[in-house]
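This is upload.txt (compact mmCIF, N, CA and C atoms and all ligand atoms).
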# COMPACT_ATOMS: atom_id res chain seq x y z
N MET A 173 17.21 -5.15 -30.55
CA MET A 173 16.49 -3.88 -30.40
C MET A 173 16.25 -3.59 -28.92
N LYS A 174 17.14 -2.82 -28.37
CA LYS A 174 17.05 -2.55 -26.94
C LYS A 174 15.81 -1.72 -26.61
N ARG A 175 15.50 -0.80 -27.49
CA ARG A 175 14.41 0.13 -27.27
C ARG A 175 13.07 -0.61 -27.17
N GLY A 176 12.83 -1.46 -28.16
CA GLY A 176 11.57 -2.22 -28.21
C GLY A 176 11.42 -3.10 -26.97
N GLU A 177 12.50 -3.71 -26.61
CA GLU A 177 12.51 -4.60 -25.44
C GLU A 177 12.12 -3.82 -24.18
N LEU A 178 12.70 -2.64 -24.05
CA LEU A 178 12.44 -1.80 -22.88
C LEU A 178 10.96 -1.38 -22.86
N ALA A 179 10.45 -0.99 -24.01
CA ALA A 179 9.05 -0.56 -24.09
C ALA A 179 8.12 -1.70 -23.69
N ARG A 180 8.45 -2.89 -24.15
CA ARG A 180 7.62 -4.05 -23.84
C ARG A 180 7.65 -4.31 -22.31
N ARG A 181 8.83 -4.20 -21.76
CA ARG A 181 8.95 -4.41 -20.31
C ARG A 181 8.14 -3.37 -19.54
N GLN A 182 8.24 -2.13 -20.00
CA GLN A 182 7.51 -1.06 -19.31
C GLN A 182 6.02 -1.29 -19.42
N ALA A 183 5.56 -1.74 -20.59
CA ALA A 183 4.14 -2.00 -20.79
C ALA A 183 3.67 -3.08 -19.83
N SER A 184 4.44 -4.14 -19.73
CA SER A 184 4.05 -5.25 -18.86
C SER A 184 4.06 -4.79 -17.40
N ARG A 185 5.04 -3.99 -17.06
CA ARG A 185 5.15 -3.50 -15.70
C ARG A 185 3.97 -2.58 -15.37
N SER A 186 3.57 -1.72 -16.31
CA SER A 186 2.52 -0.76 -15.98
C SER A 186 1.16 -1.46 -15.88
N SER A 187 0.92 -2.49 -16.66
CA SER A 187 -0.36 -3.18 -16.52
C SER A 187 -0.43 -3.87 -15.16
N ARG A 188 0.71 -4.37 -14.71
CA ARG A 188 0.77 -4.99 -13.41
C ARG A 188 0.56 -3.94 -12.31
N THR A 189 1.14 -2.76 -12.52
CA THR A 189 0.99 -1.69 -11.54
C THR A 189 -0.47 -1.24 -11.44
N ILE A 190 -1.13 -1.15 -12.59
CA ILE A 190 -2.55 -0.77 -12.59
C ILE A 190 -3.36 -1.80 -11.83
N GLU A 191 -3.08 -3.05 -12.09
CA GLU A 191 -3.77 -4.15 -11.42
C GLU A 191 -3.60 -4.03 -9.90
N LEU A 192 -2.37 -3.74 -9.48
CA LEU A 192 -2.08 -3.63 -8.06
C LEU A 192 -2.71 -2.39 -7.44
N SER A 193 -2.72 -1.27 -8.19
CA SER A 193 -3.31 -0.07 -7.58
C SER A 193 -4.82 -0.23 -7.45
N LYS A 194 -5.42 -0.97 -8.35
CA LYS A 194 -6.85 -1.25 -8.25
C LYS A 194 -7.11 -2.08 -6.98
N GLU A 195 -6.24 -3.04 -6.79
CA GLU A 195 -6.36 -3.89 -5.60
C GLU A 195 -6.19 -3.06 -4.33
N ARG A 196 -5.21 -2.15 -4.38
CA ARG A 196 -4.97 -1.31 -3.21
C ARG A 196 -6.15 -0.40 -2.91
N LEU A 197 -6.74 0.10 -3.97
CA LEU A 197 -7.89 0.98 -3.84
C LEU A 197 -9.05 0.23 -3.19
N GLU A 198 -9.26 -0.98 -3.67
CA GLU A 198 -10.37 -1.79 -3.16
C GLU A 198 -10.15 -2.22 -1.71
N ALA A 199 -8.89 -2.33 -1.33
CA ALA A 199 -8.58 -2.77 0.04
C ALA A 199 -8.93 -1.71 1.07
N GLY A 200 -8.98 -0.45 0.65
CA GLY A 200 -9.26 0.63 1.59
C GLY A 200 -8.03 0.97 2.41
N LEU A 201 -8.21 1.85 3.37
CA LEU A 201 -7.10 2.28 4.19
C LEU A 201 -6.98 1.45 5.46
N LEU A 202 -5.77 1.41 5.97
CA LEU A 202 -5.53 0.65 7.20
C LEU A 202 -6.42 1.16 8.34
N LEU A 203 -6.57 2.47 8.43
CA LEU A 203 -7.35 3.03 9.55
C LEU A 203 -8.84 2.68 9.43
N GLU A 204 -9.29 2.38 8.21
CA GLU A 204 -10.67 1.95 8.03
C GLU A 204 -10.85 0.49 8.44
N LYS A 205 -9.85 -0.28 8.11
CA LYS A 205 -9.93 -1.71 8.39
C LYS A 205 -9.61 -2.02 9.85
N PHE A 206 -8.52 -1.41 10.34
CA PHE A 206 -8.08 -1.64 11.72
C PHE A 206 -7.84 -0.29 12.40
N PRO A 207 -8.88 0.38 12.85
CA PRO A 207 -8.69 1.72 13.46
C PRO A 207 -7.84 1.68 14.72
N GLN A 208 -7.70 0.51 15.32
CA GLN A 208 -6.92 0.40 16.57
C GLN A 208 -5.43 0.29 16.32
N VAL A 209 -5.01 0.15 15.06
CA VAL A 209 -3.61 -0.08 14.74
C VAL A 209 -2.93 1.22 14.33
N SER A 210 -1.74 1.47 14.90
CA SER A 210 -1.01 2.68 14.53
C SER A 210 0.08 2.38 13.50
N GLN A 211 0.56 1.15 13.47
CA GLN A 211 1.57 0.78 12.47
C GLN A 211 1.73 -0.72 12.38
N ILE A 212 1.92 -1.19 11.17
CA ILE A 212 2.25 -2.60 10.96
C ILE A 212 3.57 -2.64 10.22
N THR A 213 4.50 -3.42 10.74
CA THR A 213 5.79 -3.58 10.08
C THR A 213 5.92 -5.03 9.63
N ILE A 214 6.26 -5.20 8.39
CA ILE A 214 6.44 -6.55 7.86
C ILE A 214 7.88 -6.68 7.37
N LEU A 215 8.58 -7.63 7.94
CA LEU A 215 9.94 -7.94 7.49
C LEU A 215 9.84 -9.20 6.65
N ALA A 216 10.07 -9.05 5.38
CA ALA A 216 9.88 -10.19 4.46
C ALA A 216 11.21 -10.61 3.86
N THR A 217 11.47 -11.89 3.89
CA THR A 217 12.66 -12.45 3.25
C THR A 217 12.21 -13.28 2.06
N TYR A 218 12.70 -12.94 0.91
CA TYR A 218 12.29 -13.62 -0.32
C TYR A 218 13.29 -14.71 -0.68
N TYR A 219 12.77 -15.85 -1.10
CA TYR A 219 13.61 -16.95 -1.56
C TYR A 219 13.25 -17.31 -2.99
N TYR A 220 14.23 -17.86 -3.69
CA TYR A 220 13.98 -18.27 -5.08
C TYR A 220 12.93 -19.37 -5.16
N ASP A 221 13.02 -20.29 -4.26
CA ASP A 221 12.01 -21.34 -4.20
C ASP A 221 11.85 -21.72 -2.74
N ARG A 222 11.32 -22.88 -2.48
CA ARG A 222 11.01 -23.21 -1.10
C ARG A 222 12.25 -23.25 -0.20
N THR A 223 13.37 -23.72 -0.75
CA THR A 223 14.57 -23.87 0.07
C THR A 223 15.74 -23.06 -0.46
N GLY A 224 15.55 -22.38 -1.56
CA GLY A 224 16.66 -21.75 -2.26
C GLY A 224 17.31 -20.61 -1.52
N PRO A 225 18.30 -20.00 -2.15
CA PRO A 225 19.04 -18.89 -1.53
C PRO A 225 18.15 -17.66 -1.36
N VAL A 226 18.56 -16.82 -0.42
CA VAL A 226 17.80 -15.58 -0.17
C VAL A 226 17.96 -14.64 -1.36
N LEU A 227 16.82 -14.18 -1.84
CA LEU A 227 16.81 -13.29 -2.99
C LEU A 227 16.94 -11.85 -2.53
N MET A 228 16.14 -11.48 -1.54
CA MET A 228 16.22 -10.14 -0.96
C MET A 228 15.43 -10.07 0.34
N VAL A 229 15.74 -9.05 1.11
CA VAL A 229 15.03 -8.82 2.37
C VAL A 229 14.40 -7.44 2.27
N GLN A 230 13.15 -7.38 2.66
CA GLN A 230 12.41 -6.12 2.49
C GLN A 230 11.65 -5.81 3.78
N THR A 231 11.70 -4.58 4.20
CA THR A 231 10.90 -4.15 5.34
C THR A 231 9.83 -3.19 4.84
N VAL A 232 8.60 -3.48 5.19
CA VAL A 232 7.49 -2.63 4.75
C VAL A 232 6.77 -2.09 5.97
N ASN A 233 6.62 -0.78 6.03
CA ASN A 233 5.86 -0.16 7.11
C ASN A 233 4.51 0.28 6.57
N ILE A 234 3.46 -0.11 7.26
CA ILE A 234 2.12 0.27 6.83
C ILE A 234 1.51 1.15 7.92
N PHE A 235 1.14 2.35 7.51
CA PHE A 235 0.61 3.34 8.44
C PHE A 235 -0.91 3.47 8.28
N PRO A 236 -1.57 4.14 9.24
CA PRO A 236 -3.04 4.24 9.17
C PRO A 236 -3.56 4.77 7.84
N ASN A 237 -2.84 5.70 7.22
CA ASN A 237 -3.34 6.21 5.94
C ASN A 237 -2.73 5.50 4.74
N SER A 238 -2.10 4.33 5.00
CA SER A 238 -1.63 3.48 3.90
C SER A 238 -2.77 2.55 3.50
N SER A 239 -2.62 1.98 2.33
CA SER A 239 -3.60 1.00 1.87
C SER A 239 -3.52 -0.26 2.73
N ALA A 240 -4.69 -0.82 3.04
CA ALA A 240 -4.73 -2.06 3.81
C ALA A 240 -4.60 -3.26 2.89
N CYS A 241 -3.70 -3.14 1.96
CA CYS A 241 -3.47 -4.22 1.01
C CYS A 241 -2.17 -4.92 1.41
N PHE A 242 -2.27 -6.18 1.76
CA PHE A 242 -1.09 -6.89 2.25
C PHE A 242 -0.64 -7.94 1.24
N HIS A 243 -0.79 -7.57 -0.01
CA HIS A 243 -0.39 -8.46 -1.09
C HIS A 243 1.03 -8.11 -1.53
N PHE A 244 1.94 -9.04 -1.37
CA PHE A 244 3.33 -8.80 -1.76
C PHE A 244 3.57 -9.40 -3.14
N GLN A 245 4.28 -8.65 -3.95
CA GLN A 245 4.55 -9.14 -5.30
C GLN A 245 5.56 -10.27 -5.29
N CYS A 246 5.34 -11.19 -6.18
CA CYS A 246 6.31 -12.27 -6.40
C CYS A 246 7.55 -11.67 -7.06
N PRO A 247 8.75 -12.04 -6.59
CA PRO A 247 9.96 -11.48 -7.22
C PRO A 247 10.20 -11.99 -8.63
N LYS A 248 9.51 -13.06 -9.00
CA LYS A 248 9.69 -13.57 -10.36
C LYS A 248 9.03 -12.64 -11.37
N LYS A 249 9.76 -12.35 -12.41
CA LYS A 249 9.27 -11.45 -13.44
C LYS A 249 7.98 -11.99 -14.05
N ASP A 250 7.03 -11.09 -14.25
CA ASP A 250 5.77 -11.40 -14.93
C ASP A 250 4.85 -12.33 -14.13
N CYS A 251 5.19 -12.62 -12.90
CA CYS A 251 4.28 -13.42 -12.08
C CYS A 251 3.35 -12.47 -11.35
N THR A 252 2.06 -12.69 -11.46
CA THR A 252 1.10 -11.77 -10.85
C THR A 252 0.49 -12.35 -9.58
N HIS A 253 0.91 -13.53 -9.19
CA HIS A 253 0.31 -14.15 -8.01
C HIS A 253 0.76 -13.48 -6.72
N GLY A 254 2.00 -13.73 -6.35
CA GLY A 254 2.54 -13.11 -5.15
C GLY A 254 2.01 -13.75 -3.87
N PHE A 255 2.12 -12.98 -2.80
CA PHE A 255 1.82 -13.52 -1.47
C PHE A 255 0.81 -12.62 -0.77
N ASP A 256 -0.24 -13.20 -0.31
CA ASP A 256 -1.25 -12.41 0.39
C ASP A 256 -1.16 -12.69 1.89
N LEU A 257 -0.73 -11.67 2.63
CA LEU A 257 -0.55 -11.84 4.07
C LEU A 257 -1.80 -11.44 4.86
N SER A 258 -2.85 -11.05 4.15
CA SER A 258 -4.06 -10.58 4.83
C SER A 258 -4.60 -11.54 5.88
N PRO A 259 -4.75 -12.84 5.56
CA PRO A 259 -5.32 -13.74 6.58
C PRO A 259 -4.53 -13.73 7.88
N ASP A 260 -3.19 -13.72 7.77
CA ASP A 260 -2.34 -13.71 8.96
C ASP A 260 -2.52 -12.42 9.74
N ILE A 261 -2.59 -11.31 9.04
CA ILE A 261 -2.70 -10.01 9.69
C ILE A 261 -4.07 -9.85 10.34
N VAL A 262 -5.11 -10.29 9.64
CA VAL A 262 -6.46 -10.22 10.20
C VAL A 262 -6.53 -11.05 11.49
N GLU A 263 -5.92 -12.21 11.45
CA GLU A 263 -5.95 -13.09 12.62
C GLU A 263 -5.17 -12.47 13.78
N LEU A 264 -3.98 -11.95 13.46
CA LEU A 264 -3.11 -11.37 14.49
C LEU A 264 -3.77 -10.16 15.15
N VAL A 265 -4.26 -9.25 14.34
CA VAL A 265 -4.89 -8.04 14.87
C VAL A 265 -6.20 -8.40 15.57
N GLY A 266 -6.90 -9.39 15.02
CA GLY A 266 -8.17 -9.83 15.62
C GLY A 266 -8.02 -10.29 17.05
N LYS A 267 -6.88 -10.91 17.36
CA LYS A 267 -6.67 -11.38 18.73
C LYS A 267 -5.81 -10.41 19.53
N GLY A 268 -5.51 -9.26 18.93
CA GLY A 268 -4.74 -8.25 19.63
C GLY A 268 -3.29 -8.61 19.81
N GLY A 269 -2.78 -9.49 18.96
CA GLY A 269 -1.39 -9.92 19.06
C GLY A 269 -0.42 -8.86 18.58
N LYS A 270 0.83 -8.99 19.04
CA LYS A 270 1.83 -7.98 18.67
C LYS A 270 2.75 -8.44 17.55
N SER A 271 2.97 -9.73 17.45
CA SER A 271 3.83 -10.18 16.37
C SER A 271 3.53 -11.62 15.99
N ALA A 272 3.87 -11.96 14.77
CA ALA A 272 3.66 -13.31 14.27
C ALA A 272 4.67 -13.57 13.17
N ARG A 273 4.99 -14.83 12.99
CA ARG A 273 5.87 -15.23 11.89
C ARG A 273 5.14 -16.21 11.02
N GLY A 274 5.53 -16.26 9.80
CA GLY A 274 4.91 -17.22 8.91
C GLY A 274 5.70 -17.32 7.63
N SER A 275 5.21 -18.14 6.74
CA SER A 275 5.84 -18.24 5.44
C SER A 275 4.78 -18.55 4.41
N ALA A 276 5.07 -18.23 3.18
CA ALA A 276 4.11 -18.46 2.11
C ALA A 276 4.86 -18.77 0.83
N ALA A 277 4.27 -19.62 0.04
CA ALA A 277 4.84 -19.94 -1.26
C ALA A 277 3.95 -19.34 -2.33
N CYS A 278 4.57 -18.84 -3.36
CA CYS A 278 3.78 -18.27 -4.45
C CYS A 278 3.09 -19.40 -5.21
N GLY A 279 1.81 -19.21 -5.45
CA GLY A 279 1.06 -20.22 -6.19
C GLY A 279 1.14 -20.04 -7.69
N GLY A 280 1.95 -19.09 -8.12
CA GLY A 280 2.07 -18.82 -9.55
C GLY A 280 2.82 -19.93 -10.27
N ASP A 281 2.63 -19.95 -11.55
CA ASP A 281 3.29 -20.96 -12.36
C ASP A 281 3.73 -20.27 -13.64
N ASN A 282 5.04 -20.22 -13.86
CA ASN A 282 5.55 -19.54 -15.05
C ASN A 282 5.37 -20.36 -16.32
N GLY A 283 4.62 -21.43 -16.21
CA GLY A 283 4.43 -22.29 -17.36
C GLY A 283 5.49 -23.38 -17.41
N ALA A 284 6.36 -23.38 -16.41
CA ALA A 284 7.42 -24.37 -16.38
C ALA A 284 6.95 -25.64 -15.66
N GLY A 285 5.74 -25.62 -15.16
CA GLY A 285 5.21 -26.80 -14.49
C GLY A 285 5.66 -26.92 -13.05
N SER A 286 6.38 -25.91 -12.57
CA SER A 286 6.84 -25.97 -11.20
C SER A 286 5.80 -25.31 -10.29
N PRO A 287 5.25 -26.04 -9.35
CA PRO A 287 4.21 -25.47 -8.51
C PRO A 287 4.71 -24.38 -7.58
N VAL A 288 5.96 -24.46 -7.19
CA VAL A 288 6.52 -23.43 -6.31
C VAL A 288 7.73 -22.82 -6.99
N HIS A 289 7.69 -21.52 -7.25
CA HIS A 289 8.87 -20.93 -7.86
C HIS A 289 9.41 -19.76 -7.06
N ALA A 290 8.78 -19.41 -5.98
CA ALA A 290 9.32 -18.39 -5.10
C ALA A 290 8.56 -18.49 -3.78
N SER A 291 9.21 -18.11 -2.69
CA SER A 291 8.52 -18.13 -1.40
C SER A 291 9.08 -17.02 -0.52
N ILE A 292 8.34 -16.71 0.53
CA ILE A 292 8.84 -15.74 1.49
C ILE A 292 8.63 -16.26 2.91
N SER A 293 9.45 -15.79 3.79
CA SER A 293 9.14 -15.96 5.20
C SER A 293 9.02 -14.55 5.75
N TYR A 294 8.17 -14.38 6.74
CA TYR A 294 7.91 -13.01 7.18
C TYR A 294 7.66 -12.93 8.67
N GLU A 295 7.89 -11.73 9.16
CA GLU A 295 7.62 -11.44 10.55
C GLU A 295 6.76 -10.18 10.58
N ILE A 296 5.62 -10.29 11.20
CA ILE A 296 4.69 -9.16 11.26
C ILE A 296 4.72 -8.58 12.67
N THR A 297 4.88 -7.28 12.77
CA THR A 297 4.83 -6.61 14.07
C THR A 297 3.73 -5.55 14.03
N VAL A 298 2.88 -5.56 15.02
CA VAL A 298 1.76 -4.62 15.05
C VAL A 298 1.89 -3.70 16.25
N GLN A 299 1.72 -2.41 15.99
CA GLN A 299 1.68 -1.44 17.09
C GLN A 299 0.27 -0.88 17.15
N TYR A 300 -0.24 -0.84 18.36
CA TYR A 300 -1.62 -0.38 18.53
C TYR A 300 -1.68 1.06 19.01
N ASN A 301 -2.74 1.69 18.59
CA ASN A 301 -3.01 3.06 18.97
C ASN A 301 -3.53 3.07 20.41
N SER A 302 -2.78 3.72 21.30
CA SER A 302 -3.16 3.68 22.72
C SER A 302 -4.45 4.44 22.97
N LEU A 303 -4.76 5.41 22.11
CA LEU A 303 -6.00 6.17 22.26
C LEU A 303 -7.22 5.26 22.18
N ASN A 304 -7.04 4.15 21.50
CA ASN A 304 -8.17 3.28 21.26
C ASN A 304 -8.65 2.54 22.52
N ARG A 305 -7.87 2.68 23.58
CA ARG A 305 -8.32 2.07 24.84
C ARG A 305 -9.55 2.79 25.37
N HIS A 306 -9.63 4.08 25.01
CA HIS A 306 -10.82 4.83 25.41
C HIS A 306 -12.01 4.33 24.61
N LYS A 307 -13.14 4.48 25.22
CA LYS A 307 -14.35 4.05 24.53
C LYS A 307 -14.57 4.91 23.29
N LYS A 308 -14.98 4.26 22.25
CA LYS A 308 -15.26 4.99 21.02
C LYS A 308 -16.44 5.93 21.22
N THR A 309 -16.25 7.15 20.73
CA THR A 309 -17.36 8.09 20.83
C THR A 309 -17.76 8.56 19.44
N GLY A 310 -18.94 9.10 19.37
CA GLY A 310 -19.39 9.66 18.11
C GLY A 310 -19.78 8.64 17.07
N GLN A 311 -19.89 7.38 17.48
CA GLN A 311 -20.32 6.37 16.53
C GLN A 311 -21.82 6.14 16.62
N LYS A 312 -22.45 6.39 15.52
CA LYS A 312 -23.89 6.21 15.49
C LYS A 312 -24.24 4.86 14.87
N ALA A 313 -25.23 4.24 15.43
CA ALA A 313 -25.61 2.91 14.97
C ALA A 313 -26.33 2.99 13.61
ZN ZN B 401 5.25 -16.19 -8.39
As structure tokens, please, write out the structure in this file.
Ligand SMILES: [Zn+2]
Amino acid sequence: MKRGELARRQASRSSRTIELSKERLEAGLLLEKFPQVSQITILATYYYDRTGPVLMVQTVNIFPNSSACFHFQCPKKDCTHGFDLSPDIVELVGKGGKSARGSAACGGDNGAGSPVHASISYEITVQYNSLNRHKKTGQKA
């Protein structure tokens, strides 16, 4: 039954999408979190496991009016864990850095007992808003 299968897949996908949009909503906007940043680019390379072949390469641009959610989905179907790059980005922007590299393994478990079933390596590039060099005005305590 191809139809039923498709419906089930769509249902699972949409519940995951709702979960993610809730997370994005709660994360707020990039300009709220990092008003000094004009753009963040993340080049992510996905691997099947810690050492496996490259699954895909993805470039994500995050703009001031984008969500400040840096949670990347795990490429494995039905895995809701994924990769949270927030700590790296907070640290990088916190020190005014322009780029950083790192890697992360998904902590999800498909029930197969394998602690690592997908990983990414990534390069984060941050561009800062030059206007922010001026003293902030209009901010009331
Ligand atoms: Zn996973």
List as CSV every residue of chain A that is in contact with ligand ZN 401 (chain B), defined as an atom at most 6 Å from one of its atoms (using all atoms listed in the file), together with the nearest atom pair and the distance in Å rounded to one decimal, sorted by chain and then rising number.
residue,atom,partner,partner_atom,distance
A:Cys246,CA,B:ZN401,ZN,4.5
A:Pro247,N,B:ZN401,ZN,5.7
A:Lys248,N,B:ZN401,ZN,5.3
A:Cys251,CA,B:ZN401,ZN,4.7
A:Thr252,N,B:ZN401,ZN,5.6
A:His253,N,B:ZN401,ZN,5.2
A:Gly254,N,B:ZN401,ZN,4.6
A:Cys278,CA,B:ZN401,ZN,4.7
A:Gly279,N,B:ZN401,ZN,5.4
A:Gly280,CA,B:ZN401,ZN,4.3
A:Asp281,N,B:ZN401,ZN,5.6
A:His289,C,B:ZN401,ZN,5.6
A:Ala290,N,B:ZN401,ZN,5.4
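Put simply, atom N of Thr297 of chain A is 28.0 Å away from atom CA of Asp250 of chain A.
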Requested in this report: One decimal, Å: what's the distance from atom CA of Ser293 of chain A over to atom CA of Asp260 of chain A, could you say?
Outcome: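 One can read the atom CA of Ser293 of chain A to atom CA of Asp260 of chain A distance as 12.3 Å.
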Requested in this report: Can you work out the spacing between atom C of Ile234 of chain A and atom CA of Thr213 of chain A in Å, to one decimal?
Outcome: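 Here the two named atoms are 6.7 Å from each other.
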**Report entry** Glu195 of chain A environment, 8 Å, only C-alpha atoms, sequence neighbours closer than 4 positions dropped, as a PyMOL selection string
**Finding:** chain A and resi 191+199+241
Query - Contact residues around Ile296 of chain A with only N, CA and C atoms at 6.5 Å, ignoring same-chain residues under 2 positions, as a PyMOL selection string - result: chain A and resi 213-215+270-274+294+298
Report task. Kindly indicate which residue among A:Asp221, A:Ala240, A:Val226, A:Thr231 lies nearest to Ala276 of chain A, using only C-alpha atoms for the distances. Result ->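 For Ala276 of chain A, the nearest of the given residues is A:Asp221.
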Query raised in the report: Using all atoms listed in the file, which of the listed residues (A:Ser187, A:Ser239, A:Ser291, A:Ser193) sits closest to Gly224 of chain A?
Result: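 For Gly224 of chain A, the nearest of the given residues is A:Ser291.
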